[in-house]
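Before any comments, here is the structure.
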There are 2 protein chains.
Amino acid sequence: MKETYCTAHLRSISDTLELIGGKWKLLILTLLFSESPMRFSEIERAIGTITPRMLSKELKELEMNELIERRVYPTMPVSVDYRLTDYGRSLDSVMVALGDWGKKHRKRIMHPVVVESLPA
Amino acid sequence: MKETYCTAHLRSISDTLELIGGKWKLLILTLLFSESPMRFSEIERAIGTITPRMLSKELKELEMNELIERRVYPTMPVSVDYRLTDYGRSLDSVMVALGDWGKKHRKRIMHPVVVESLPA
DNA sequence: CGGAATCCCATGCGATACTG
DNA sequence: CAGTATCGCATGGGATTCCG
């Protein structure tokens, strides 16, 4: 594929999706949007179906991209919490766009529907 | 996870991502945004690295969700083209949001960087 | 031309168990 | 509490071949 404006724009889009892709990232970000900071086990309980392995992995990737910040407190045992960074908060426009479109979309056909016969 | 505003909003977001997820969908949509209609083999050539199997599959899903329209012409052999629907065009706000954020994002650290020592 | 069928592999993700 | 280690499978996606 030739290098065009089209593909450059697309790479920007792909970059964004790469950061918020994966099964849990948007869910975690959404939680942290409404409540920051949250501790590891708080997020785990809030989601309910995520395994610690996945939570750990996703948090690590979000932190690597500076969307969230991880703080460790020298308590005994240690406690850790996670919060959105300002950079992470800048995603709100993206999440609003995705959410708004999704809300409208829900009113439309979206699942494979078998239409055997349609009258008139 | 309890049913809250938070999760309802999240489902809207997930719905949207479900439609434009997959490796090629956004690329196909971006192409069709800049040029509609396009024939099957035109899209194939434009992307360059997609296999007909995947192109067929992605187009089918996009059509199922009414984001694009497929038209068949009874030529010999048959020709087919694809174009954005008005509904598909309504995704532009989403794609702009994703693209804009990605453009800003590129200026920041995004790949795993090993910092051995940092002065001062 | 516009696909469908088949085979195959990488990885994403879940389940379970364990640890400082 | 906040993870890590290991295993295993399902799914996504590529390569190749064939078809009307």
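Quick note on naming: the chains in the structure tokens go A, B, ... in the order shown, residues restart at 1 in each chain, and ligands are numbered from 1 in order of appearance.
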
Please provide chain B as a compact mmCIF listing (two decimals) with N, CA and C atoms, in the first residue's frame, once it has been superposed on chain A by least squares across all sequentially paired Cα atoms.
```
# COMPACT_ATOMS: atom_id res chain seq x y z
N MET B 1 0.75 -1.31 0.09
CA MET B 1 -0.07 -0.11 0.08
C MET B 1 0.80 1.12 0.07
N LYS B 2 0.50 2.03 -0.83
CA LYS B 2 1.30 3.23 -0.94
C LYS B 2 1.10 4.15 0.25
N GLU B 3 2.08 4.96 0.47
CA GLU B 3 2.02 5.88 1.59
C GLU B 3 1.23 7.11 1.20
N THR B 4 0.04 7.21 1.69
CA THR B 4 -0.82 8.33 1.34
C THR B 4 -1.32 8.98 2.61
N TYR B 5 -2.00 10.09 2.45
CA TYR B 5 -2.63 10.71 3.60
C TYR B 5 -3.53 9.70 4.28
N CYS B 6 -4.21 8.96 3.45
CA CYS B 6 -5.14 7.96 3.95
C CYS B 6 -4.47 6.99 4.92
N THR B 7 -3.32 6.46 4.54
CA THR B 7 -2.68 5.46 5.40
C THR B 7 -2.04 6.11 6.62
N ALA B 8 -1.59 7.36 6.45
CA ALA B 8 -1.01 8.05 7.60
C ALA B 8 -2.09 8.26 8.66
N HIS B 9 -3.24 8.68 8.21
CA HIS B 9 -4.35 8.87 9.12
C HIS B 9 -4.73 7.56 9.77
N LEU B 10 -4.68 6.53 8.96
CA LEU B 10 -5.04 5.22 9.49
C LEU B 10 -4.09 4.77 10.57
N ARG B 11 -2.83 5.09 10.40
CA ARG B 11 -1.88 4.64 11.41
C ARG B 11 -2.13 5.33 12.74
N SER B 12 -2.53 6.60 12.66
CA SER B 12 -2.89 7.29 13.89
C SER B 12 -4.04 6.58 14.59
N ILE B 13 -5.01 6.17 13.79
CA ILE B 13 -6.15 5.45 14.35
C ILE B 13 -5.71 4.13 14.96
N SER B 14 -4.88 3.42 14.24
CA SER B 14 -4.41 2.13 14.75
C SER B 14 -3.61 2.27 16.03
N ASP B 15 -2.79 3.32 16.06
CA ASP B 15 -2.02 3.57 17.28
C ASP B 15 -2.93 3.70 18.47
N THR B 16 -3.98 4.47 18.29
CA THR B 16 -4.91 4.68 19.40
C THR B 16 -5.56 3.37 19.82
N LEU B 17 -6.02 2.63 18.83
CA LEU B 17 -6.69 1.37 19.15
C LEU B 17 -5.75 0.39 19.82
N GLU B 18 -4.48 0.49 19.49
CA GLU B 18 -3.51 -0.41 20.09
C GLU B 18 -3.42 -0.18 21.59
N LEU B 19 -3.53 1.08 21.97
CA LEU B 19 -3.41 1.42 23.38
C LEU B 19 -4.63 1.01 24.18
N ILE B 20 -5.79 1.14 23.58
CA ILE B 20 -7.01 0.87 24.34
C ILE B 20 -7.61 -0.46 23.93
N GLY B 21 -6.91 -1.21 23.10
CA GLY B 21 -7.39 -2.52 22.70
C GLY B 21 -7.22 -3.52 23.81
N GLY B 22 -7.44 -4.75 23.51
CA GLY B 22 -7.38 -5.76 24.55
C GLY B 22 -8.71 -5.81 25.27
N LYS B 23 -8.92 -6.90 25.91
CA LYS B 23 -10.27 -7.16 26.43
C LYS B 23 -10.66 -6.27 27.60
N TRP B 24 -9.69 -5.79 28.36
CA TRP B 24 -10.04 -5.13 29.62
C TRP B 24 -9.65 -3.68 29.71
N LYS B 25 -8.80 -3.20 28.80
CA LYS B 25 -8.22 -1.86 29.00
C LYS B 25 -9.26 -0.77 29.12
N LEU B 26 -10.24 -0.81 28.21
CA LEU B 26 -11.24 0.25 28.25
C LEU B 26 -12.08 0.17 29.51
N LEU B 27 -12.31 -1.03 29.96
CA LEU B 27 -13.07 -1.20 31.19
C LEU B 27 -12.31 -0.62 32.37
N ILE B 28 -11.04 -0.92 32.43
CA ILE B 28 -10.20 -0.39 33.51
C ILE B 28 -10.16 1.14 33.45
N LEU B 29 -9.95 1.67 32.25
CA LEU B 29 -9.90 3.12 32.11
C LEU B 29 -11.23 3.76 32.52
N THR B 30 -12.32 3.12 32.10
CA THR B 30 -13.63 3.66 32.45
C THR B 30 -13.83 3.69 33.96
N LEU B 31 -13.39 2.63 34.62
CA LEU B 31 -13.48 2.60 36.08
C LEU B 31 -12.66 3.73 36.69
N LEU B 32 -11.44 3.88 36.21
CA LEU B 32 -10.56 4.90 36.78
C LEU B 32 -11.03 6.32 36.45
N PHE B 33 -11.81 6.42 35.38
CA PHE B 33 -12.39 7.73 35.06
C PHE B 33 -13.38 8.13 36.14
N SER B 34 -14.11 7.14 36.63
CA SER B 34 -15.14 7.50 37.61
C SER B 34 -14.61 7.44 39.04
N GLU B 35 -13.49 6.78 39.21
CA GLU B 35 -12.91 6.74 40.56
C GLU B 35 -11.41 6.50 40.50
N SER B 36 -10.65 7.48 40.93
CA SER B 36 -9.21 7.34 41.02
C SER B 36 -8.75 7.89 42.35
N PRO B 37 -7.78 7.26 43.00
CA PRO B 37 -7.15 6.01 42.59
C PRO B 37 -7.96 4.80 43.03
N MET B 38 -7.59 3.67 42.49
CA MET B 38 -8.15 2.40 42.95
C MET B 38 -7.01 1.43 43.18
N ARG B 39 -7.20 0.59 44.17
CA ARG B 39 -6.18 -0.41 44.44
C ARG B 39 -6.38 -1.63 43.54
N PHE B 40 -5.33 -2.40 43.45
CA PHE B 40 -5.36 -3.59 42.58
C PHE B 40 -6.59 -4.45 42.86
N SER B 41 -6.81 -4.77 44.11
CA SER B 41 -7.91 -5.68 44.43
C SER B 41 -9.26 -5.00 44.31
N GLU B 42 -9.28 -3.69 44.40
CA GLU B 42 -10.53 -2.97 44.17
C GLU B 42 -10.97 -3.11 42.71
N ILE B 43 -10.02 -2.91 41.84
CA ILE B 43 -10.32 -3.04 40.41
C ILE B 43 -10.74 -4.48 40.12
N GLU B 44 -10.00 -5.39 40.70
CA GLU B 44 -10.30 -6.81 40.51
C GLU B 44 -11.73 -7.12 40.93
N ARG B 45 -12.12 -6.64 42.09
CA ARG B 45 -13.48 -6.90 42.57
C ARG B 45 -14.50 -6.17 41.72
N ALA B 46 -14.19 -4.94 41.33
CA ALA B 46 -15.14 -4.14 40.57
C ALA B 46 -15.47 -4.82 39.24
N ILE B 47 -14.48 -5.40 38.62
CA ILE B 47 -14.71 -6.08 37.35
C ILE B 47 -15.32 -7.45 37.60
N GLY B 48 -14.76 -8.15 38.56
CA GLY B 48 -15.41 -9.37 39.00
C GLY B 48 -15.01 -10.62 38.26
N THR B 49 -14.74 -10.49 36.96
CA THR B 49 -14.44 -11.68 36.18
C THR B 49 -13.02 -11.66 35.61
N ILE B 50 -12.25 -10.68 35.99
CA ILE B 50 -10.88 -10.64 35.46
C ILE B 50 -9.96 -11.42 36.40
N THR B 51 -9.00 -12.11 35.82
CA THR B 51 -8.04 -12.82 36.66
C THR B 51 -6.89 -11.88 36.99
N PRO B 52 -6.24 -12.12 38.11
CA PRO B 52 -5.11 -11.25 38.49
C PRO B 52 -4.04 -11.20 37.41
N ARG B 53 -3.87 -12.32 36.74
CA ARG B 53 -2.88 -12.34 35.66
C ARG B 53 -3.19 -11.31 34.60
N MET B 54 -4.44 -11.28 34.15
CA MET B 54 -4.81 -10.33 33.11
C MET B 54 -4.81 -8.91 33.63
N LEU B 55 -5.30 -8.72 34.85
CA LEU B 55 -5.33 -7.37 35.39
C LEU B 55 -3.92 -6.81 35.47
N SER B 56 -3.03 -7.63 35.97
CA SER B 56 -1.64 -7.20 36.08
C SER B 56 -1.07 -6.82 34.72
N LYS B 57 -1.35 -7.66 33.75
CA LYS B 57 -0.81 -7.44 32.41
C LYS B 57 -1.37 -6.15 31.81
N GLU B 58 -2.65 -5.96 31.90
CA GLU B 58 -3.27 -4.78 31.30
C GLU B 58 -2.82 -3.50 32.00
N LEU B 59 -2.75 -3.55 33.33
CA LEU B 59 -2.30 -2.38 34.08
C LEU B 59 -0.88 -2.01 33.68
N LYS B 60 -0.06 -3.02 33.50
CA LYS B 60 1.33 -2.78 33.13
C LYS B 60 1.42 -2.06 31.78
N GLU B 61 0.59 -2.51 30.85
CA GLU B 61 0.63 -1.90 29.52
C GLU B 61 0.08 -0.47 29.55
N LEU B 62 -0.97 -0.29 30.33
CA LEU B 62 -1.52 1.06 30.45
C LEU B 62 -0.50 1.99 31.10
N GLU B 63 0.22 1.45 32.07
CA GLU B 63 1.22 2.28 32.74
C GLU B 63 2.38 2.58 31.80
N MET B 64 2.76 1.59 31.03
CA MET B 64 3.85 1.76 30.09
C MET B 64 3.55 2.90 29.11
N ASN B 65 2.30 3.03 28.76
CA ASN B 65 1.91 4.09 27.84
C ASN B 65 1.50 5.36 28.56
N GLU B 66 1.74 5.38 29.85
CA GLU B 66 1.53 6.59 30.65
C GLU B 66 0.09 7.03 30.74
N LEU B 67 -0.80 6.10 30.51
CA LEU B 67 -2.21 6.44 30.64
C LEU B 67 -2.64 6.37 32.10
N ILE B 68 -1.97 5.53 32.86
CA ILE B 68 -2.24 5.47 34.29
C ILE B 68 -0.93 5.53 35.04
N GLU B 69 -1.04 5.81 36.33
CA GLU B 69 0.16 5.89 37.17
C GLU B 69 0.01 4.89 38.31
N ARG B 70 1.09 4.24 38.61
CA ARG B 70 1.10 3.23 39.66
C ARG B 70 1.89 3.77 40.83
N ARG B 71 1.29 3.71 42.01
CA ARG B 71 2.01 4.17 43.20
C ARG B 71 2.08 3.06 44.22
N VAL B 72 3.26 2.90 44.78
CA VAL B 72 3.49 1.86 45.77
C VAL B 72 3.72 2.51 47.13
N TYR B 73 3.02 2.00 48.14
CA TYR B 73 3.19 2.52 49.49
C TYR B 73 3.85 1.47 50.37
N PRO B 74 4.88 1.87 51.10
CA PRO B 74 5.69 0.93 51.88
C PRO B 74 5.00 0.49 53.16
N THR B 75 3.77 0.08 53.03
CA THR B 75 3.07 -0.46 54.19
C THR B 75 3.45 -1.92 54.33
N MET B 76 2.82 -2.60 55.23
CA MET B 76 3.15 -4.01 55.41
C MET B 76 1.88 -4.83 55.57
N PRO B 77 1.51 -5.60 54.48
CA PRO B 77 2.23 -5.72 53.21
C PRO B 77 2.04 -4.49 52.34
N VAL B 78 2.79 -4.40 51.30
CA VAL B 78 2.76 -3.19 50.47
C VAL B 78 1.35 -2.99 49.91
N SER B 79 0.99 -1.74 49.72
CA SER B 79 -0.25 -1.47 49.00
C SER B 79 0.10 -0.67 47.76
N VAL B 80 -0.72 -0.84 46.76
CA VAL B 80 -0.48 -0.23 45.46
C VAL B 80 -1.77 0.39 44.99
N ASP B 81 -1.69 1.54 44.35
CA ASP B 81 -2.90 2.03 43.71
C ASP B 81 -2.60 2.59 42.34
N TYR B 82 -3.65 2.72 41.60
CA TYR B 82 -3.55 3.16 40.22
C TYR B 82 -4.49 4.33 40.01
N ARG B 83 -4.04 5.29 39.22
CA ARG B 83 -4.88 6.44 38.91
C ARG B 83 -4.63 6.88 37.48
N LEU B 84 -5.60 7.54 36.92
CA LEU B 84 -5.43 8.11 35.58
C LEU B 84 -4.40 9.22 35.63
N THR B 85 -3.60 9.31 34.60
CA THR B 85 -2.75 10.48 34.45
C THR B 85 -3.56 11.54 33.69
N ASP B 86 -3.03 12.76 33.64
CA ASP B 86 -3.71 13.78 32.84
C ASP B 86 -3.77 13.32 31.39
N TYR B 87 -2.71 12.69 30.98
CA TYR B 87 -2.65 12.15 29.64
C TYR B 87 -3.77 11.14 29.42
N GLY B 88 -3.95 10.27 30.37
CA GLY B 88 -5.02 9.29 30.30
C GLY B 88 -6.38 9.97 30.21
N ARG B 89 -6.53 11.04 30.96
CA ARG B 89 -7.80 11.76 30.94
C ARG B 89 -8.08 12.37 29.57
N SER B 90 -7.03 12.63 28.83
CA SER B 90 -7.23 13.23 27.51
C SER B 90 -7.92 12.26 26.56
N LEU B 91 -8.03 11.01 26.98
CA LEU B 91 -8.74 10.03 26.16
C LEU B 91 -10.25 10.20 26.23
N ASP B 92 -10.72 11.10 27.08
CA ASP B 92 -12.17 11.16 27.27
C ASP B 92 -12.91 11.48 25.98
N SER B 93 -12.29 12.32 25.13
CA SER B 93 -12.97 12.65 23.87
C SER B 93 -13.14 11.40 23.02
N VAL B 94 -12.12 10.55 23.03
CA VAL B 94 -12.21 9.30 22.28
C VAL B 94 -13.29 8.40 22.85
N MET B 95 -13.30 8.29 24.18
CA MET B 95 -14.27 7.40 24.80
C MET B 95 -15.68 7.92 24.64
N VAL B 96 -15.82 9.23 24.67
CA VAL B 96 -17.14 9.81 24.45
C VAL B 96 -17.61 9.53 23.02
N ALA B 97 -16.71 9.68 22.07
CA ALA B 97 -17.07 9.43 20.66
C ALA B 97 -17.49 7.98 20.48
N LEU B 98 -16.70 7.07 21.03
CA LEU B 98 -17.03 5.65 20.92
C LEU B 98 -18.35 5.34 21.62
N GLY B 99 -18.53 5.92 22.79
CA GLY B 99 -19.73 5.65 23.56
C GLY B 99 -20.98 6.21 22.90
N ASP B 100 -20.88 7.44 22.43
CA ASP B 100 -22.03 8.07 21.78
C ASP B 100 -22.46 7.29 20.55
N TRP B 101 -21.49 6.92 19.76
CA TRP B 101 -21.83 6.19 18.54
C TRP B 101 -22.47 4.85 18.90
N GLY B 102 -21.92 4.22 19.90
CA GLY B 102 -22.46 2.93 20.33
C GLY B 102 -23.90 3.05 20.83
N LYS B 103 -24.20 4.13 21.49
CA LYS B 103 -25.55 4.30 22.01
C LYS B 103 -26.54 4.44 20.87
N LYS B 104 -26.19 5.22 19.87
CA LYS B 104 -27.07 5.34 18.71
C LYS B 104 -27.15 4.02 17.98
N HIS B 105 -26.00 3.38 17.89
CA HIS B 105 -25.91 2.14 17.14
C HIS B 105 -26.84 1.07 17.69
N ARG B 106 -26.97 1.01 18.98
CA ARG B 106 -27.76 -0.04 19.62
C ARG B 106 -29.19 -0.08 19.10
N LYS B 107 -29.67 1.05 18.62
CA LYS B 107 -31.05 1.10 18.13
C LYS B 107 -31.18 0.45 16.77
N ARG B 108 -30.07 0.07 16.20
CA ARG B 108 -30.11 -0.49 14.85
C ARG B 108 -29.85 -1.99 14.87
N ILE B 109 -30.10 -2.58 13.73
CA ILE B 109 -29.77 -3.99 13.59
C ILE B 109 -28.29 -4.18 13.80
N MET B 110 -27.92 -5.11 14.65
CA MET B 110 -26.50 -5.31 14.79
C MET B 110 -26.08 -6.76 14.83
N HIS B 111 -27.02 -7.63 15.10
CA HIS B 111 -26.64 -9.04 15.16
C HIS B 111 -27.17 -9.74 13.93
N PRO B 112 -26.50 -10.81 13.53
CA PRO B 112 -26.91 -11.54 12.35
C PRO B 112 -28.36 -12.01 12.52
N VAL B 113 -29.21 -11.55 11.64
CA VAL B 113 -30.61 -11.91 11.72
C VAL B 113 -30.98 -12.69 10.46
N VAL B 114 -31.60 -13.81 10.65
CA VAL B 114 -32.01 -14.59 9.50
C VAL B 114 -33.43 -14.17 9.11
N VAL B 115 -33.56 -13.60 7.96
CA VAL B 115 -34.87 -13.19 7.47
C VAL B 115 -35.35 -14.20 6.45
N GLU B 116 -36.28 -15.01 6.84
CA GLU B 116 -36.73 -16.07 5.94
C GLU B 116 -37.60 -15.53 4.82
N SER B 117 -38.57 -14.73 5.20
CA SER B 117 -39.39 -14.07 4.19
C SER B 117 -39.85 -12.75 4.75
N LEU B 118 -39.88 -11.78 3.88
CA LEU B 118 -40.33 -10.49 4.39
C LEU B 118 -41.53 -10.03 3.56
N PRO B 119 -42.66 -9.80 4.19
CA PRO B 119 -43.90 -9.43 3.52
C PRO B 119 -43.79 -8.10 2.78
N ALA B 120 -44.37 -8.05 1.63
CA ALA B 120 -44.41 -6.83 0.81
C ALA B 120 -43.05 -6.20 0.63
```

| Contacts of DT6 in chain D at 12 Å or less, counting only C-alpha atoms (C1' of nucleotides), minus same-chain residues fewer than 6 places along, as JSON, numbers by chain? | {"A": [53], "C": [15, 16, 17, 18]}

Restricting it to all heavy atoms, dump the selection as an mmCIF file, in the first residue's frame.
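Output below, filename part-v3.cif:
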```cif
data_model
loop_
_atom_site.group_PDB
_atom_site.id
_atom_site.type_symbol
_atom_site.label_atom_id
_atom_site.label_comp_id
_atom_site.auth_asym_id
_atom_site.auth_seq_id
_atom_site.Cartn_x
_atom_site.Cartn_y
_atom_site.Cartn_z
ATOM 1 N N ARG A 53 -3.892 -12.358 36.723
ATOM 2 C CA ARG A 53 -2.915 -12.379 35.636
ATOM 3 C C ARG A 53 -3.218 -11.347 34.569
ATOM 4 O O ARG A 53 -2.354 -10.579 34.152
ATOM 5 C CB ARG A 53 -2.879 -13.781 35.013
ATOM 6 C CG ARG A 53 -2.267 -13.872 33.640
ATOM 7 C CD ARG A 53 -2.161 -15.324 33.189
ATOM 8 N NE ARG A 53 -2.270 -15.503 31.764
ATOM 9 C CZ ARG A 53 -1.376 -15.082 30.879
ATOM 10 N NH1 ARG A 53 -0.324 -14.431 31.293
ATOM 11 N NH2 ARG A 53 -1.546 -15.279 29.601
ATOM 12 P P DA C 15 -12.006 -18.667 33.600
ATOM 13 O OP1 DA C 15 -13.385 -19.191 33.633
ATOM 14 O OP2 DA C 15 -11.675 -17.428 34.337
ATOM 15 O "O5'" DA C 15 -11.012 -19.811 34.086
ATOM 16 C "C5'" DA C 15 -10.764 -20.953 33.262
ATOM 17 C "C4'" DA C 15 -10.011 -22.009 34.052
ATOM 18 O "O4'" DA C 15 -8.591 -21.842 33.817
ATOM 19 C "C3'" DA C 15 -10.200 -21.947 35.565
ATOM 20 O "O3'" DA C 15 -10.272 -23.278 36.072
ATOM 21 C "C2'" DA C 15 -8.963 -21.200 36.061
ATOM 22 C "C1'" DA C 15 -7.908 -21.591 35.031
ATOM 23 N N9 DA C 15 -6.926 -20.537 34.777
ATOM 24 C C8 DA C 15 -7.174 -19.199 34.603
ATOM 25 N N7 DA C 15 -6.108 -18.481 34.377
ATOM 26 C C5 DA C 15 -5.076 -19.413 34.395
ATOM 27 C C6 DA C 15 -3.694 -19.289 34.206
ATOM 28 N N6 DA C 15 -3.084 -18.117 33.957
ATOM 29 N N1 DA C 15 -2.946 -20.397 34.285
ATOM 30 C C2 DA C 15 -3.562 -21.575 34.533
ATOM 31 N N3 DA C 15 -4.852 -21.811 34.723
ATOM 32 C C4 DA C 15 -5.566 -20.677 34.643
ATOM 33 P P DT C 16 -10.547 -23.531 37.608
ATOM 34 O OP1 DT C 16 -11.324 -24.777 37.708
ATOM 35 O OP2 DT C 16 -11.065 -22.282 38.203
ATOM 36 O "O5'" DT C 16 -9.092 -23.794 38.209
ATOM 37 C "C5'" DT C 16 -8.183 -24.641 37.516
ATOM 38 C "C4'" DT C 16 -6.803 -24.517 38.120
ATOM 39 O "O4'" DT C 16 -6.154 -23.333 37.605
ATOM 40 C "C3'" DT C 16 -6.780 -24.378 39.652
ATOM 41 O "O3'" DT C 16 -6.138 -25.517 40.207
ATOM 42 C "C2'" DT C 16 -6.003 -23.083 39.909
ATOM 43 C "C1'" DT C 16 -5.249 -22.886 38.591
ATOM 44 N N1 DT C 16 -4.901 -21.486 38.291
ATOM 45 C C2 DT C 16 -3.599 -21.173 38.018
ATOM 46 O O2 DT C 16 -2.713 -22.004 38.012
ATOM 47 N N3 DT C 16 -3.357 -19.850 37.751
ATOM 48 C C4 DT C 16 -4.289 -18.824 37.729
ATOM 49 O O4 DT C 16 -3.951 -17.674 37.475
ATOM 50 C C5 DT C 16 -5.645 -19.222 38.023
ATOM 51 C C7 DT C 16 -6.725 -18.197 38.028
ATOM 52 C C6 DT C 16 -5.887 -20.519 38.285
ATOM 53 P P DA C 17 -6.051 -25.673 41.836
ATOM 54 O OP1 DA C 17 -6.240 -27.109 42.134
ATOM 55 O OP2 DA C 17 -6.918 -24.655 42.471
ATOM 56 O "O5'" DA C 17 -4.530 -25.292 42.119
ATOM 57 C "C5'" DA C 17 -3.501 -25.785 41.264
ATOM 58 C "C4'" DA C 17 -2.223 -25.012 41.509
ATOM 59 O "O4'" DA C 17 -2.342 -23.691 40.917
ATOM 60 C "C3'" DA C 17 -1.908 -24.797 43.001
ATOM 61 O "O3'" DA C 17 -0.628 -25.344 43.305
ATOM 62 C "C2'" DA C 17 -1.925 -23.280 43.177
ATOM 63 C "C1'" DA C 17 -1.697 -22.765 41.766
ATOM 64 N N9 DA C 17 -2.298 -21.445 41.532
ATOM 65 C C8 DA C 17 -3.606 -21.084 41.680
ATOM 66 N N7 DA C 17 -3.849 -19.829 41.416
ATOM 67 C C5 DA C 17 -2.599 -19.320 41.079
ATOM 68 C C6 DA C 17 -2.175 -18.033 40.693
ATOM 69 N N6 DA C 17 -2.988 -16.989 40.582
ATOM 70 N N1 DA C 17 -0.855 -17.871 40.422
ATOM 71 C C2 DA C 17 -0.037 -18.921 40.536
ATOM 72 N N3 DA C 17 -0.319 -20.177 40.888
ATOM 73 C C4 DA C 17 -1.629 -20.306 41.149
ATOM 74 P P DC C 18 -0.060 -25.342 44.831
ATOM 75 O OP1 DC C 18 0.726 -26.570 44.983
ATOM 76 O OP2 DC C 18 -1.197 -25.056 45.748
ATOM 77 O "O5'" DC C 18 0.940 -24.098 44.854
ATOM 78 C "C5'" DC C 18 1.963 -24.011 43.853
ATOM 79 C "C4'" DC C 18 2.603 -22.629 43.860
ATOM 80 O "O4'" DC C 18 1.634 -21.651 43.447
ATOM 81 C "C3'" DC C 18 3.116 -22.170 45.238
ATOM 82 O "O3'" DC C 18 4.494 -21.857 45.122
ATOM 83 C "C2'" DC C 18 2.288 -20.920 45.552
ATOM 84 C "C1'" DC C 18 1.857 -20.453 44.157
ATOM 85 N N1 DC C 18 0.594 -19.668 44.147
ATOM 86 C C2 DC C 18 0.635 -18.298 43.855
ATOM 87 O O2 DC C 18 1.725 -17.761 43.639
ATOM 88 N N3 DC C 18 -0.531 -17.590 43.824
ATOM 89 C C4 DC C 18 -1.699 -18.217 44.068
ATOM 90 N N4 DC C 18 -2.807 -17.491 44.007
ATOM 91 C C5 DC C 18 -1.768 -19.607 44.360
ATOM 92 C C6 DC C 18 -0.606 -20.290 44.392
#
```

Rounded to one decimal in Å, what is the spacing between C1' of DA4 in chain C and C1' of DC19 in chain D?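 These two atoms are separated by 7.7 Å.
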
May I have a table of the residues of chain C lying at most 9 Å from chain A, giving each one's closest pair of atoms and their distance in Å to one decimal, counting only C-alpha atoms (C1' of nucleotides), ordered by chain and ascending residue number, as JSON lines?
```
{"residue": "C:DG12", "atom": "C1'", "partner": "A:Gly22", "partner_atom": "CA", "distance": 8.5}
{"residue": "C:DC13", "atom": "C1'", "partner": "A:Met54", "partner_atom": "CA", "distance": 7.8}
{"residue": "C:DG14", "atom": "C1'", "partner": "A:Thr51", "partner_atom": "CA", "distance": 7.7}
{"residue": "C:DA15", "atom": "C1'", "partner": "A:Thr51", "partner_atom": "CA", "distance": 8.9}
```

Exercise. Tell me, which residues of chain B carry DSSP alpha helix (DSSP H), written as a PyMOL selection string?
Worked result: chain B and resi 5-20+25-34+40-47+52-64+86-89+92-105

Item to check | Point-to-point distance from C1' of DA5 in chain C to C1' of DG8 in chain D, Å rounded to tenths | outcome: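 Atom-to-atom, C1' of DA5 in chain C and C1' of DG8 in chain D are spaced 28.0 Å apart.
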